[in-house]
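The structure file query.pdb is reproduced below (PDB, C-alpha atoms).
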```
MODEL        1
ATOM      1  CA  MET A   1     -32.951  -3.597  -3.654
ATOM      2  CA  THR A   2     -31.715  -6.988  -2.494
ATOM      3  CA  LEU A   3     -28.874  -6.722  -4.986
ATOM      4  CA  ALA A   4     -27.930  -3.285  -3.643
ATOM      5  CA  LEU A   5     -27.821  -4.543  -0.074
ATOM      6  CA  ALA A   6     -25.726  -7.528  -1.164
ATOM      7  CA  LEU A   7     -23.327  -5.124  -2.866
ATOM      8  CA  VAL A   8     -23.027  -3.050   0.295
ATOM      9  CA  ALA A   9     -22.173  -6.185   2.288
ATOM     10  CA  LEU A  10     -19.568  -7.270  -0.264
ATOM     11  CA  THR A  11     -18.074  -3.791  -0.390
ATOM     12  CA  LEU A  12     -17.514  -3.856   3.352
ATOM     13  CA  LEU A  13     -16.616  -7.501   3.837
ATOM     14  CA  ALA A  14     -14.720  -8.691   0.741
ATOM     15  CA  PRO A  15     -11.430  -6.845   1.482
ATOM     16  CA  TRP A  16     -11.374  -8.413   4.959
ATOM     17  CA  GLY A  17     -10.919 -11.786   3.275
ATOM     18  CA  ALA A  18      -8.850 -10.693   0.287
ATOM     19  CA  ALA A  19      -6.265  -8.741   2.281
ATOM     20  CA  PRO A  20      -5.170 -11.749   4.408
ATOM     21  CA  ALA A  21      -5.041 -13.805   1.208
ATOM     22  CA  ALA A  22      -2.707 -11.225  -0.322
ATOM     23  CA  ARG A  23      -0.468 -11.323   2.761
ATOM     24  CA  ARG A  24      -0.267 -15.118   2.597
ATOM     25  CA  LEU A  25       0.578 -14.925  -1.077
ATOM     26  CA  ALA A  26       3.339 -12.399  -0.358
ATOM     27  CA  ALA A  27       4.815 -14.704   2.282
ATOM     28  CA  LEU A  28       5.409 -17.330  -0.432
ATOM     29  CA  LEU A  29       7.201 -14.949  -2.806
ATOM     30  CA  PRO A  30      10.650 -13.340  -2.943
ATOM     31  CA  PRO A  31      10.655  -9.772  -1.532
ATOM     32  CA  ARG A  32      10.381  -7.893  -4.833
ATOM     33  CA  GLU A  33       7.485  -9.990  -6.132
ATOM     34  CA  ALA A  34       5.838  -9.828  -2.692
ATOM     35  CA  CYS A  35       5.910  -6.013  -2.773
ATOM     36  CA  VAL A  36       4.357  -5.939  -6.238
ATOM     37  CA  ALA A  37       1.642  -8.385  -5.150
ATOM     38  CA  LEU A  38       0.776  -6.418  -2.002
ATOM     39  CA  THR A  39       0.687  -3.061  -3.750
ATOM     40  CA  GLY A  40      -1.363  -4.467  -6.623
ATOM     41  CA  ALA A  41      -3.848  -6.055  -4.232
ATOM     42  CA  ALA A  42      -4.179  -2.802  -2.284
ATOM     43  CA  VAL A  43      -4.875  -0.804  -5.447
ATOM     44  CA  LEU A  44      -7.348  -3.355  -6.827
ATOM     45  CA  LEU A  45      -9.266  -3.702  -3.564
ATOM     46  CA  ALA A  46      -9.363   0.036  -2.919
ATOM     47  CA  GLY A  47     -10.451   0.728  -6.488
ATOM     48  CA  GLY A  48     -13.122  -1.949  -6.350
ATOM     49  CA  THR A  49     -14.486  -0.625  -3.063
ATOM     50  CA  ALA A  50     -14.622   2.921  -4.392
ATOM     51  CA  ALA A  51     -16.305   1.739  -7.619
ATOM     52  CA  ALA A  52     -19.012  -0.090  -5.681
ATOM     53  CA  LEU A  53     -19.682   2.939  -3.482
ATOM     54  CA  VAL A  54     -19.900   5.217  -6.525
ATOM     55  CA  ALA A  55     -22.371   2.795  -8.102
ATOM     56  CA  LEU A  56     -24.575   2.830  -5.002
ATOM     57  CA  PHE A  57     -24.391   6.610  -4.804
ATOM     58  CA  HIS A  58     -25.519   6.905  -8.433
ATOM     59  CA  VAL A  59     -28.587   4.642  -8.197
ATOM     60  CA  PRO A  60     -31.162   7.465  -7.673
ATOM     61  CA  PHE A  61     -29.524   9.567 -10.386
ATOM     62  CA  LEU A  62     -29.546   6.601 -12.747
ATOM     63  CA  ALA A  63     -33.250   6.097 -12.080
ATOM     64  CA  SER A  64     -33.936   9.758 -12.846
ATOM     65  CA  MET A  65     -31.980   9.449 -16.104
ATOM     66  CA  GLU A  66     -34.282   6.561 -16.991
ATOM     67  CA  ARG A  67     -37.198   8.974 -16.355
ATOM     68  CA  VAL A  68     -38.554   6.964 -13.455
ATOM     69  CA  PRO A  69     -40.559   9.210 -11.062
ATOM     70  CA  PRO A  70     -38.990   9.472  -7.575
ATOM     71  CA  ALA A  71     -42.209   8.273  -5.944
ATOM     72  CA  ARG A  72     -42.122   5.100  -8.007
ATOM     73  CA  VAL A  73     -38.460   4.533  -7.196
ATOM     74  CA  LEU A  74     -39.179   4.819  -3.471
ATOM     75  CA  GLU A  75     -42.174   2.531  -3.831
ATOM     76  CA  ARG A  76     -40.097  -0.202  -5.435
ATOM     77  CA  TRP A  77     -36.860   0.402  -3.479
ATOM     78  CA  PRO A  78     -37.651   2.125  -0.127
ATOM     79  CA  ALA A  79     -34.023   1.960   1.043
ATOM     80  CA  VAL A  80     -32.513   3.549  -2.067
ATOM     81  CA  VAL A  81     -32.140   7.018  -0.543
ATOM     82  CA  PRO A  82     -30.522   5.902   2.765
ATOM     83  CA  VAL A  83     -28.199   3.508   0.945
ATOM     84  CA  SER A  84     -27.210   6.111  -1.617
ATOM     85  CA  GLY A  85     -26.738   8.748   1.088
ATOM     86  CA  ALA A  86     -24.580   6.412   3.175
ATOM     87  CA  ALA A  87     -22.427   5.637   0.142
ATOM     88  CA  GLY A  88     -22.022   9.350  -0.523
ATOM     89  CA  VAL A  89     -20.962  10.014   3.069
ATOM     90  CA  VAL A  90     -18.399   7.192   2.957
ATOM     91  CA  LEU A  91     -17.006   8.514  -0.324
ATOM     92  CA  ALA A  92     -16.688  12.001   1.160
ATOM     93  CA  VAL A  93     -14.872  10.636   4.217
ATOM     94  CA  GLN A  94     -12.540   8.640   1.990
ATOM     95  CA  ALA A  95     -11.769  11.740  -0.083
ATOM     96  CA  VAL A  96     -10.902  13.706   3.060
ATOM     97  CA  LEU A  97      -8.690  10.916   4.389
ATOM     98  CA  LEU A  98      -6.898  10.578   1.053
ATOM     99  CA  ALA A  99      -6.245  14.322   0.888
ATOM    100  CA  ARG A 100      -4.989  14.431   4.481
ATOM    101  CA  ARG A 101      -2.627  11.501   3.984
ATOM    102  CA  TRP A 102      -1.274  12.891   0.729
ATOM    103  CA  LEU A 103      -0.637  16.283   2.345
ATOM    104  CA  ALA A 104       0.964  14.563   5.356
ATOM    105  CA  HIS A 105       3.373  12.702   3.050
ATOM    106  CA  ARG A 106       4.285  15.909   1.259
ATOM    107  CA  ALA A 107       4.795  17.736   4.559
ATOM    108  CA  LEU A 108       7.012  14.926   5.862
ATOM    109  CA  LEU A 109       9.192  15.068   2.756
ATOM    110  CA  ALA A 110       9.474  18.847   2.994
ATOM    111  CA  LYS A 111      10.439  18.619   6.665
ATOM    112  CA  ALA A 112      12.978  15.874   5.970
ATOM    113  CA  TRP A 113      14.644  17.921   3.245
ATOM    114  CA  GLU A 114      14.756  20.971   5.525
ATOM    115  CA  SER A 115      16.473  18.887   8.201
ATOM    116  CA  THR A 116      19.326  18.084   5.783
ATOM    117  CA  GLY A 117      20.277  21.719   5.274
ATOM    118  CA  ASP A 118      23.543  21.270   7.218
ATOM    119  CA  GLY A 119      24.400  18.010   5.488
ATOM    120  CA  VAL A 120      27.632  17.465   3.600
ATOM    121  CA  ALA A 121      27.088  15.944   0.165
ATOM    122  CA  ASP A 122      29.241  13.074  -1.059
ATOM    123  CA  GLY A 123      27.735  11.961  -4.355
ATOM    124  CA  ASP A 124      24.253  10.680  -3.603
ATOM    125  CA  VAL A 125      24.919  10.617   0.161
ATOM    126  CA  LEU A 126      24.170  13.406   2.626
ATOM    127  CA  VAL A 127      25.999  13.174   5.963
ATOM    128  CA  VAL A 128      24.034  15.168   8.541
ATOM    129  CA  PRO A 129      25.521  16.222  11.897
ATOM    130  CA  GLY A 130      23.860  14.511  14.839
ATOM    131  CA  GLY A 131      24.514  12.169  17.713
ATOM    132  CA  ASP A 132      21.592   9.852  16.891
ATOM    133  CA  ALA A 133      22.485   6.924  14.660
ATOM    134  CA  GLU A 134      20.026   7.214  11.780
ATOM    135  CA  ALA A 135      19.971   6.482   8.061
ATOM    136  CA  PHE A 136      17.145   6.636   5.573
ATOM    137  CA  ALA A 137      16.346   6.982   1.884
ATOM    138  CA  LEU A 138      15.120  10.499   1.093
ATOM    139  CA  PRO A 139      13.069  10.545  -2.131
ATOM    140  CA  GLY A 140      13.395  13.351  -4.647
ATOM    141  CA  PHE A 141      11.281  16.420  -3.925
ATOM    142  CA  ARG A 142      10.536  19.598  -5.869
ATOM    143  CA  GLY A 143      13.138  18.969  -8.526
ATOM    144  CA  ARG A 144      15.805  17.680  -6.147
ATOM    145  CA  PRO A 145      17.034  14.116  -6.766
ATOM    146  CA  GLY A 146      16.774  11.439  -4.099
ATOM    147  CA  ARG A 147      19.525  11.107  -1.536
ATOM    148  CA  VAL A 148      20.740   8.658   1.100
ATOM    149  CA  VAL A 149      20.781  10.507   4.416
ATOM    150  CA  VAL A 150      23.146   9.291   7.138
ATOM    151  CA  THR A 151      23.859  10.978  10.447
ATOM    152  CA  SER A 152      27.410  11.353  11.690
ATOM    153  CA  GLY A 153      26.367   9.225  14.661
ATOM    154  CA  MET A 154      25.573   6.302  12.371
ATOM    155  CA  VAL A 155      28.855   6.759  10.483
ATOM    156  CA  ARG A 156      30.764   6.448  13.775
ATOM    157  CA  GLU A 157      28.873   3.298  14.769
ATOM    158  CA  LEU A 158      29.699   1.281  11.640
ATOM    159  CA  GLY A 159      32.905   0.059  10.113
ATOM    160  CA  PRO A 160      33.779   0.629   6.437
ATOM    161  CA  ALA A 161      32.313  -2.680   5.234
ATOM    162  CA  GLU A 162      29.154  -2.183   7.296
ATOM    163  CA  ARG A 163      28.730   1.339   5.935
ATOM    164  CA  GLU A 164      28.901  -0.103   2.438
ATOM    165  CA  VAL A 165      26.013  -2.427   3.266
ATOM    166  CA  LEU A 166      24.044   0.435   4.798
ATOM    167  CA  LEU A 167      24.464   2.651   1.748
ATOM    168  CA  ALA A 168      23.632  -0.203  -0.620
ATOM    169  CA  HIS A 169      20.442  -0.871   1.359
ATOM    170  CA  GLU A 170      19.239   2.726   1.187
ATOM    171  CA  ARG A 171      20.256   3.082  -2.463
ATOM    172  CA  ALA A 172      18.121   0.034  -3.231
ATOM    173  CA  HIS A 173      15.126   1.852  -1.728
ATOM    174  CA  LEU A 174      15.738   4.812  -4.025
ATOM    175  CA  ALA A 175      16.517   2.774  -7.144
ATOM    176  CA  GLY A 176      13.420   0.617  -6.690
ATOM    177  CA  ARG A 177      11.237   3.670  -5.941
ATOM    178  CA  HIS A 178      10.027   1.907  -2.853
ATOM    179  CA  HIS A 179       8.599   5.141  -1.478
ATOM    180  CA  VAL A 180       6.042   5.125  -4.319
ATOM    181  CA  LEU A 181       4.825   1.642  -3.360
ATOM    182  CA  SER A 182       4.686   2.675   0.301
ATOM    183  CA  VAL A 183       2.684   5.840  -0.353
ATOM    184  CA  VAL A 184       0.286   4.167  -2.809
ATOM    185  CA  THR A 185      -0.498   1.384  -0.349
ATOM    186  CA  ASP A 186      -0.914   3.866   2.498
ATOM    187  CA  LEU A 187      -3.396   5.867   0.415
ATOM    188  CA  ALA A 188      -5.270   2.675  -0.465
ATOM    189  CA  ALA A 189      -5.531   1.905   3.256
ATOM    190  CA  ALA A 190      -7.541   5.123   3.651
ATOM    191  CA  VAL A 191     -10.258   3.628   1.426
ATOM    192  CA  HIS A 192     -10.858   0.503   3.522
ATOM    193  CA  PRO A 193      -9.565  -0.350   7.025
ATOM    194  CA  ALA A 194      -8.887  -3.966   6.033
ATOM    195  CA  LEU A 195      -6.045  -2.737   3.821
ATOM    196  CA  ARG A 196      -4.019  -1.444   6.769
ATOM    197  CA  GLY A 197      -2.586  -4.920   7.178
ATOM    198  CA  LEU A 198      -1.263  -4.764   3.605
ATOM    199  CA  ARG A 199       0.504  -1.506   4.414
ATOM    200  CA  GLU A 200       2.273  -3.030   7.399
ATOM    201  CA  ALA A 201       3.216  -6.186   5.491
ATOM    202  CA  LEU A 202       4.549  -4.105   2.611
ATOM    203  CA  GLY A 203       6.878  -2.218   4.935
ATOM    204  CA  SER A 204       8.516  -5.484   6.008
ATOM    205  CA  HIS A 205       8.866  -6.800   2.462
ATOM    206  CA  LEU A 206      10.326  -3.511   1.221
ATOM    207  CA  GLU A 207      13.057  -3.784   3.837
ATOM    208  CA  ARG A 208      13.686  -7.387   2.815
ATOM    209  CA  TRP A 209      13.924  -6.285  -0.821
ATOM    210  CA  ALA A 210      16.564  -3.704   0.083
ATOM    211  CA  ASP A 211      18.359  -6.232   2.305
ATOM    212  CA  GLU A 212      18.698  -8.685  -0.579
ATOM    213  CA  ALA A 213      19.889  -5.920  -2.901
ATOM    214  CA  ALA A 214      22.530  -4.880  -0.358
ATOM    215  CA  ALA A 215      23.677  -8.476   0.142
ATOM    216  CA  GLY A 216      23.994  -8.911  -3.606
ATOM    217  CA  SER A 217      25.915  -5.648  -3.898
ATOM    218  CA  VAL A 218      28.569  -6.559  -1.327
ATOM    219  CA  GLY A 219      28.556 -10.261  -2.224
ATOM    220  CA  ASP A 220      28.438 -11.419   1.406
ATOM    221  CA  ARG A 221      25.131 -12.324   3.048
ATOM    222  CA  ARG A 222      26.637 -12.771   6.509
ATOM    223  CA  LEU A 223      28.253  -9.342   6.366
ATOM    224  CA  ALA A 224      24.959  -7.838   5.232
ATOM    225  CA  ALA A 225      23.101  -9.527   8.100
ATOM    226  CA  ALA A 226      25.633  -8.327  10.669
ATOM    227  CA  ALA A 227      25.618  -4.767   9.304
ATOM    228  CA  ILE A 228      21.838  -4.496   9.312
ATOM    229  CA  ALA A 229      21.613  -5.870  12.841
ATOM    230  CA  ARG A 230      24.269  -3.441  14.053
ATOM    231  CA  ALA A 231      22.669  -0.460  12.300
ATOM    232  CA  ALA A 232      19.251  -1.344  13.721
ATOM    233  CA  LEU A 233      20.632  -1.676  17.261
ATOM    234  CA  ALA A 234      22.446   1.638  16.950
ATOM    235  CA  GLY A 235      19.441   3.433  15.465
ATOM    236  CA  SER A 236      17.142   5.609  17.522
ATOM    237  CA  ALA A 237      13.700   4.435  18.661
ATOM    238  CA  ALA A 238      12.053   6.798  16.177
ATOM    239  CA  THR A 239      13.957   5.249  13.292
ATOM    240  CA  ARG A 240      13.103   1.695  14.316
ATOM    241  CA  ALA A 241       9.424   2.574  14.598
ATOM    242  CA  GLY A 242       9.189   4.098  11.128
ATOM    243  CA  GLY A 243       9.350   2.818   7.608
ATOM    244  CA  SER A 244       5.944   1.291   6.951
ATOM    245  CA  ARG A 245       3.719   4.361   6.697
ATOM    246  CA  ASN A 246       5.902   6.991   5.086
ATOM    247  CA  PRO A 247       8.372   7.424   2.221
ATOM    248  CA  LEU A 248      11.418   7.697   4.534
ATOM    249  CA  LEU A 249      12.455   4.057   4.421
ATOM    250  CA  SER A 250      15.111   3.174   6.979
ATOM    251  CA  VAL A 251      17.507   0.281   7.441
ATOM    252  CA  GLY A 252      16.336  -0.086  11.038
ATOM    253  CA  ALA A 253      12.647  -0.504  10.211
ATOM    254  CA  GLY A 254      10.640  -3.693  10.070
ATOM    255  CA  PRO A 255      11.144  -7.007  11.908
ATOM    256  CA  VAL A 256      14.940  -6.895  12.152
ATOM    257  CA  PRO A 257      15.442 -10.377  13.703
ATOM    258  CA  ARG A 258      13.472 -12.031  10.884
ATOM    259  CA  ARG A 259      15.333  -9.972   8.306
ATOM    260  CA  VAL A 260      18.685 -11.038   9.722
ATOM    261  CA  GLU A 261      17.573 -14.668   9.848
ATOM    262  CA  ALA A 262      16.490 -14.485   6.193
ATOM    263  CA  LEU A 263      19.869 -13.056   5.158
ATOM    264  CA  LEU A 264      21.669 -15.896   6.922
ATOM    265  CA  GLY A 265      19.697 -18.322   4.770
ATOM    266  CA  SER A 266      19.711 -18.863   1.025
ATOM    267  CA  VAL A 267      18.762 -16.389  -1.688
ATOM    268  CA  PRO A 268      14.944 -16.327  -2.005
ATOM    269  CA  VAL A 269      13.511 -17.700  -5.250
ATOM    270  CA  LEU A 270      10.057 -18.110  -6.735
ATOM    271  CA  PRO A 271       8.236 -21.118  -5.241
ATOM    272  CA  ARG A 272       8.011 -24.422  -7.042
ATOM    273  CA  GLY A 273       5.873 -27.506  -6.828
ATOM    274  CA  ARG A 274       3.182 -27.429  -4.161
ATOM    275  CA  ALA A 275       4.227 -23.989  -2.926
ATOM    276  CA  ARG A 276       3.742 -22.586  -6.425
ATOM    277  CA  ARG A 277       0.287 -24.164  -6.694
ATOM    278  CA  VAL A 278      -0.686 -22.688  -3.344
ATOM    279  CA  GLY A 279       0.633 -19.286  -4.398
ATOM    280  CA  VAL A 280      -1.348 -19.390  -7.631
ATOM    281  CA  ALA A 281      -4.477 -20.306  -5.670
ATOM    282  CA  TRP A 282      -4.029 -17.314  -3.357
ATOM    283  CA  LEU A 283      -3.386 -15.048  -6.353
ATOM    284  CA  VAL A 284      -6.554 -16.223  -8.073
ATOM    285  CA  ALA A 285      -8.535 -15.607  -4.883
ATOM    286  CA  VAL A 286      -7.239 -12.046  -4.515
ATOM    287  CA  VAL A 287      -7.832 -11.136  -8.164
ATOM    288  CA  ALA A 288     -11.287 -12.750  -8.182
ATOM    289  CA  VAL A 289     -12.455 -10.774  -5.179
ATOM    290  CA  SER A 290     -10.883  -7.557  -6.487
ATOM    291  CA  VAL A 291     -12.674  -7.897  -9.831
ATOM    292  CA  LEU A 292     -15.941  -9.100  -8.284
ATOM    293  CA  ILE A 293     -16.737  -5.823  -6.509
ATOM    294  CA  PRO A 294     -16.633  -3.453  -9.510
ATOM    295  CA  GLY A 295     -18.326  -6.186 -11.560
ATOM    296  CA  LEU A 296     -21.236  -6.169  -9.139
ATOM    297  CA  ALA A 297     -21.283  -2.372  -9.333
ATOM    298  CA  TYR A 298     -21.756  -2.602 -13.092
ATOM    299  CA  GLY A 299     -24.386  -5.288 -12.591
ATOM    300  CA  LEU A 300     -26.255  -2.993 -10.207
ATOM    301  CA  HIS A 301     -26.493  -0.311 -12.867
ATOM    302  CA  GLU A 302     -27.704  -2.871 -15.393
ATOM    303  CA  TYR A 303     -30.281  -4.107 -12.893
ATOM    304  CA  VAL A 304     -31.650  -0.601 -12.294
ATOM    305  CA  GLU A 305     -31.944   0.063 -16.028
ATOM    306  CA  TYR A 306     -33.726  -3.251 -16.588
ATOM    307  CA  ALA A 307     -36.116  -2.682 -13.681
ATOM    308  CA  ALA A 308     -36.892   0.827 -14.886
ATOM    309  CA  ARG A 309     -37.743  -0.403 -18.385
ATOM    310  CA  ALA A 310     -39.958  -3.157 -16.915
ATOM    311  CA  MET A 311     -42.025  -0.759 -14.839
ATOM    312  CA  PRO A 312     -45.624  -0.389 -16.045
ATOM    313  CA  GLY A 313     -46.795   2.971 -17.242
ATOM    314  CA  ARG A 314     -43.515   4.018 -18.820
TER
ENDMDL
END
```
Can you turn what I pasted into structure tokens?
Amino acid sequence: MTLALALVALTLLAPWGAAPAARRLAALLPPREACVALTGAAVLLAGGTAAALVALFHVPFLASMERVPPARVLERWPAVVPVSGAAGVVLAVQAVLLARRWLAHRALLAKAWESTGDGVADGDVLVVPGGDAEAFALPGFRGRPGRVVVTSGMVRELGPAEREVLLAHERAHLAGRHHVLSVVTDLAAAVHPALRGLREALGSHLERWADEAAAGSVGDRRLAAAAIARAALAGSAATRAGGSRNPLLSVGAGPVPRRVEALLGSVPVLPRGRARRVGVAWLVAVVAVSVLIPGLAYGLHEYVEYAARAMPGR
């Protein structure tokens, strides 16, 4: 039972260390690679946590499959029923949270598409009447392709060159399917609270990814920085607050001052020298912890089978 208790502790504690490691790794990488690293870490850690909980939940059933009498199981491992029951409760809560978040994302998309009913289409752009200055990438939904949604208020606030940057930014969100990364990481955060930090970090890096794509599209980093700052200042409070927990990614989301500062600097590249060695070390740490949890889950099953075969009287 000592192994089971150790597995419970690792299930609860390992992501608290691995998630900060993933964020530090992302900080060393260009935006696109950072987003891939954060999403991958979220999926691995969530999957490992779920695998460990399933393993704990299955311990009594595994013992019964090995034809070990329940009384003997309780004699050898008195805590097996409480531990298994607790794992089952956590899994049920996780399933409910995952379902609620998935339905919330679908409802948000449906509501967003309904709000564009009065919009005027211009290619992949929908201009919606409204005094608030807002713009966001609207993913495809129920057979409808993705669109860039811009309010007439935002159109009035920006000049032609700035509007080009804005549209390039939102198109980058759609082309890169950033909403998929955002939703996947948000769902992973429902499995373990330590992963919420990955969700927030991902939102910032997704905006940086779109910023760099927009700057490359217009060929002027200073223009891109000025346009993003102006669009963020003009945007409503609701727009500036969003972007990290839902698929409606907006130009005004994330840490705008840091984004503007990054655009005024050089094009981000993969690290070299010492920075690369540090990045590799963080990557190894994240992957090691992510693989360790399901590996211990498998080891727990092997341990139960071995203990059952070693019991006298079988």
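Reported to one decimal place, the separation of CA of Pro247 (chain A) from CA of Arg177 (chain A) is 9.4 Å.
Distance annotation: of A:Leu198, A:Ala234, A:Ala137, A:Ile228, the residue with the minimal separation from Ala21 (chain A) is A:Leu198; atom set is all atoms listed in the file.
What separates CA of His169 (chain A) from CA of Leu195 (chain A) is a distance of 26.7 Å.
Within the 12 Å cut-off around Asp220 (chain A), using only C-alpha atoms and omitting residues fewer than 3 positions from it on the same chain, the listed residues are Ala161, Glu162, Glu164, Val165, Asp211, Glu212, Ala213, Ala214, Ala215, Gly216, Ser217, Leu223, Ala224, Ala225, Ala226, Ala227, Leu263, Leu264, Gly265, Ser266 and Val267 of chain A.
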If the PyMOL selection byres ((chain A and resi 51-57) around 6) were run on this exact file, what residues would it hold? Put them as a PyMOL selection string. chain A and resi 48-50+58-59+84+87-88+294+297
Compile the contact shell of Val269 (chain A) as a ChimeraX atom specification: residues with an atom at most 12 Å away, counting all atoms listed in the file, same-chain residues fewer than 5 positions apart removed. /A:27-34,212,275-276
For the provided coordinates, the residues matched by the PyMOL selection byres ((chain A and resi 178-183) around 8) should be stated as an MDAnalysis selection string. chainID A and resid 35 39 105 139 173:177 184:187 199 202:203 206 244:249
Could you spell out the hits of the PyMOL selection byres ((chain A and resi 112-129) around 10) on the shown file, as an MDAnalysis selection string? chainID A and resid 106:111 130:132 134:135 137:141 144:155 167 170:171 248
One number please: CA of Glu200 (chain A) to CA of Ala133 (chain A), in Å, one decimal. 23.7 Å
7 Å contact set for Ala26 (chain A), only C-alpha atoms, chain neighbours under 4 positions out, as a PyMOL selection string: chain A and resi 22+34+37-38
Would you be able to write out as an MDAnalysis selection string which residues have an atom within 8 Å of (-4.9, 2.4, -6.8) in the file's coordinates, counting only C-alpha atoms? chainID A and resid 40 42:44 46:47 184:185 188
Determine the axis-aligned bounding box of all atoms of region 120-130 of chain A present in the file, pad each side by 4 Å, and express its centre and edge lengths in Å to one decimal place as JSON.
```
{"center_x": 26.6, "center_y": 14.0, "center_z": 5.2, "size_x": 13.4, "size_y": 14.8, "size_z": 27.2}
```
